[in-house]
Every structure is written in structure tokens, then in C-alpha cells.
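Report on the structure given below.
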Amino acid sequence: NNATAGGVGSISNNTSIKTATINSTVCSFGPLPIELAYFGASIEENTKVKLEWITSSETNNHYFQIERSTDKNNWTVIDEIPGAGNSNTQLAYHVYDYSPLNGISYYRLKQVDYNGDFSYSDIEQINFIGIEVINLFPNPSPGMINLTLNSTDNSKAIVQLYSVNGKTVYNRQIELQQGFMQYNLDFNFLPAGMYIFKMQIPERNYHYQSKLNLND
């Protein structure tokens with residue numbers, strides 16, 4: 001299973017959320033199955049995708065499924081969690097996709113009634129690239145730093161070093177390639193002291209930050 005259920009909770013006194021009803025794919029003359037206040041997907045810690053949704057009410061709601069696709073035509077169920085059955089209060093749910101696909105993926109929420117009727121939410125798009133900073137060493141360092149990375153894609157990153165008062169003292173663009181990489185960064189020209197190391201991939205909205213101590 002590529003995703004793990006996170007949980008469900010109730011929400012009270014929240015009037016700022018706009019409510020939109022899921023449109024059922026089958027005809028029914030009974031009450032609408034759920035009122036969906038929110039459904040969203042977001043990348044967390046650059047390693048997983050969080051899927052979360054809020055219902056304003058539920059009627060005869062058996063369970064939810066999260067489906068994932070790369071083309072909006074072929075969908076795969078990656079997780080399933082039970083619904084509340086019947087509820088007149090706001091309920092919050094979330095699950096994680098711990099093995100997201102590299103590149104663009106689409107996610108949607110499927111709601112299934114006890115009688116088998118079902119409906120879908122709108123589709124959410126995620127553009128995922130996995131970058132993991134394995135190590136930044138030695139730290140403290142006399143000036144030469146090794147930056148070890150693991151990337152799931154090719155991209156360009158900006159490496160920066162800031163003094164404690166916020167001044168940029170180092171700025172370099174590096175090319176990332178798929179797999180494990182190691183970069184040697186020479187900070188010997190800088191005086192000893194505490195610095196802030198940052199790495200960014202602007203087009204992927206990726207940020208990494210760590211303290212770096214340079215000594216003589």
C-alpha cells in the first residue's frame with residue numbers, strides 16, 4: 001500500500017470554509033451523500049503527499065478512497081478509509097501517499113454509499129520531485145564542505161550561505177542529476193563564525209536550511 005491513513009477529526013465553529021457538494025455519478029432522489037467543504041493535496045517534507053478533506057455533512061456514507069493517476073484516464077486506488085455514516089458536523093480527514101510518483105500526478109477523492117452509489121471530487125494536481133540532503137559535513141569545518149544529495153530527477157539548485165546578520169556571502173547554482181551526488185563547496189575565503197546554509201529549487205518550491213559553523 002503506497003499510502004497510509006492519517007485520521008479523522010471534528011471541526012467546530014468554523015464558518016470561513018466555503019461548501020461545495022460532490023456531484024454524484026448516479027441518479028438518486030434521496031439526500032446528497034456528502035457536502036465536501038474542502039479537498040486538497042500538498043507535498044510535505046519533500047518526501048510524501050498529504051491528501052486532506054473536510055465534510056460539512058454525511059448521509060449514508062460508507063467509505064472514502066483516494067485515487068491517483070498520471071493521465072487523468074487510468075486511476076489507481078492508493079488508500080481507503082471509512083466514512084462517518086451519518087453526520088451533521090464538520091469532519092476532517094487526511095491520508096499520506098508515502099510513495100509519490102516522480103513528476104506530475106493527479107489525485108481525486110471517491111465517496112461510496114452503503115448502497116454502492118459513488119461520487120468524485122474535483123481533481124488535484126501535484127508536481128513531485130524528491131530531493132534529500134543526506135549530509136552536510138564536516139560541521140564544524142575549517143572551510144571545505146561536502147554536500148551529499150539524493151535526487152529523483154534532474155534540476156537546478158541554488159546554494160547560498162548567509163552571515164548571522166542576513167548578508168549573502170556565497171551564491172552558486174549547481175546542476176542536480178538523478179541519483180546520489182556529492183559536491184565540494186569551498187568556504188575557505190570566509191572568516192570563522194556561524195553561518196546559515198540554504199539550498200533552493202525555485203521551480204519545485206523546495207527549500208533546505210541548516211546552520212554551518214566555520215572555524216580556523
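Please note that chains go A, B, ... in the order of the C-alpha cells, that every chain numbers its residues from 1, and that ligands are numbered from 1 in the order shown.
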For the contact check between stretch 122-186 of chain A and stretch 61-72 of chain A, emit one row per residue of stretch 122-186 of chain A within 12 Å, containing the shortest atom pair and the distance in Å rounded to one decimal, counting only C-alpha atoms, chain then rising number order, as a Markdown table.
```
| residue | atom | partner | partner_atom | distance |
| --- | --- | --- | --- | --- |
| A:Asp122 | CA | A:Lys72 | CA | 11.4 |
| A:Ile123 | CA | A:Lys72 | CA | 8.5 |
| A:Glu124 | CA | A:Arg68 | CA | 9.6 |
| A:Gln125 | CA | A:Thr70 | CA | 9.5 |
| A:Ile126 | CA | A:Thr70 | CA | 10.0 |
| A:Asn127 | CA | A:Thr70 | CA | 10.5 |
| A:Phe128 | CA | A:Thr70 | CA | 11.7 |
```
Shortest contact to A:Val169, candidates A:Ala157, A:Tyr38, A:Lys198, A:Leu147, atoms counted only C-alpha atoms, goes to A:Lys198
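Take the candidates A:Phe180, A:Ile81, A:Val95, A:Asn213 and check each one against A:Ile145 using only C-alpha atoms; the shortest distance goes to A:Asn213.
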Counting only C-alpha atoms, what is within 10 Å of A:Gly83, bar same-chain residues fewer than 4 positions away, as a compact mmCIF listing (two decimals) with C-alpha atoms, in the first residue's frame?
```txt
# COMPACT_ATOMS: atom_id res chain seq x y z
CA VAL A 8 -10.42 11.92 11.06
CA ILE A 34 -21.83 14.32 1.49
CA THR A 55 -17.04 17.25 5.03
CA GLU A 58 -22.53 12.99 5.54
CA THR A 59 -25.55 10.82 4.75
CA ASN A 60 -25.30 7.04 4.32
CA ASN A 61 -21.56 7.46 3.70
CA HIS A 62 -19.75 4.10 3.80
CA TYR A 63 -16.12 4.90 2.91
CA PHE A 64 -13.67 7.11 1.01
CA GLN A 65 -10.99 6.14 -1.49
CA SER A 87 -23.04 13.28 10.41
CA LEU A 91 -15.28 16.26 9.94
CA TYR A 93 -9.82 13.53 7.16
CA GLN A 111 -17.04 8.66 -1.86
CA VAL A 112 -19.07 5.43 -1.70
CA ASP A 113 -22.50 4.97 -0.08
```
Computed gap from atom CA of A:Lys48 to atom CA of A:Trp75 is 18.8 Å
Worksheet entry | DSSP strand (DSSP E) residues within stretch 11-167 of chain A, listed as an MDAnalysis selection string | chainID A and resid 11 20:21 23:24 34:44 48:69 76:87 90:97 103:113 118:120 124:128 131:137 144:151 155:163
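Each of A:Ile134, A:Ala41, A:Leu101, A:Ala84 was checked against A:Asp153 using only C-alpha atoms; the smallest atom-to-atom distance is that of A:Leu101.
Nearest to A:Gln182 of all the residues A:Val133, A:Ile158, A:Leu214, A:Leu149 is A:Leu149, counting only C-alpha atoms.
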Min atom-atom distance to A:Phe39 from the set A:Val164, A:Leu51, A:Ile196, A:Leu190, counting only C-alpha atoms, belongs to A:Leu51
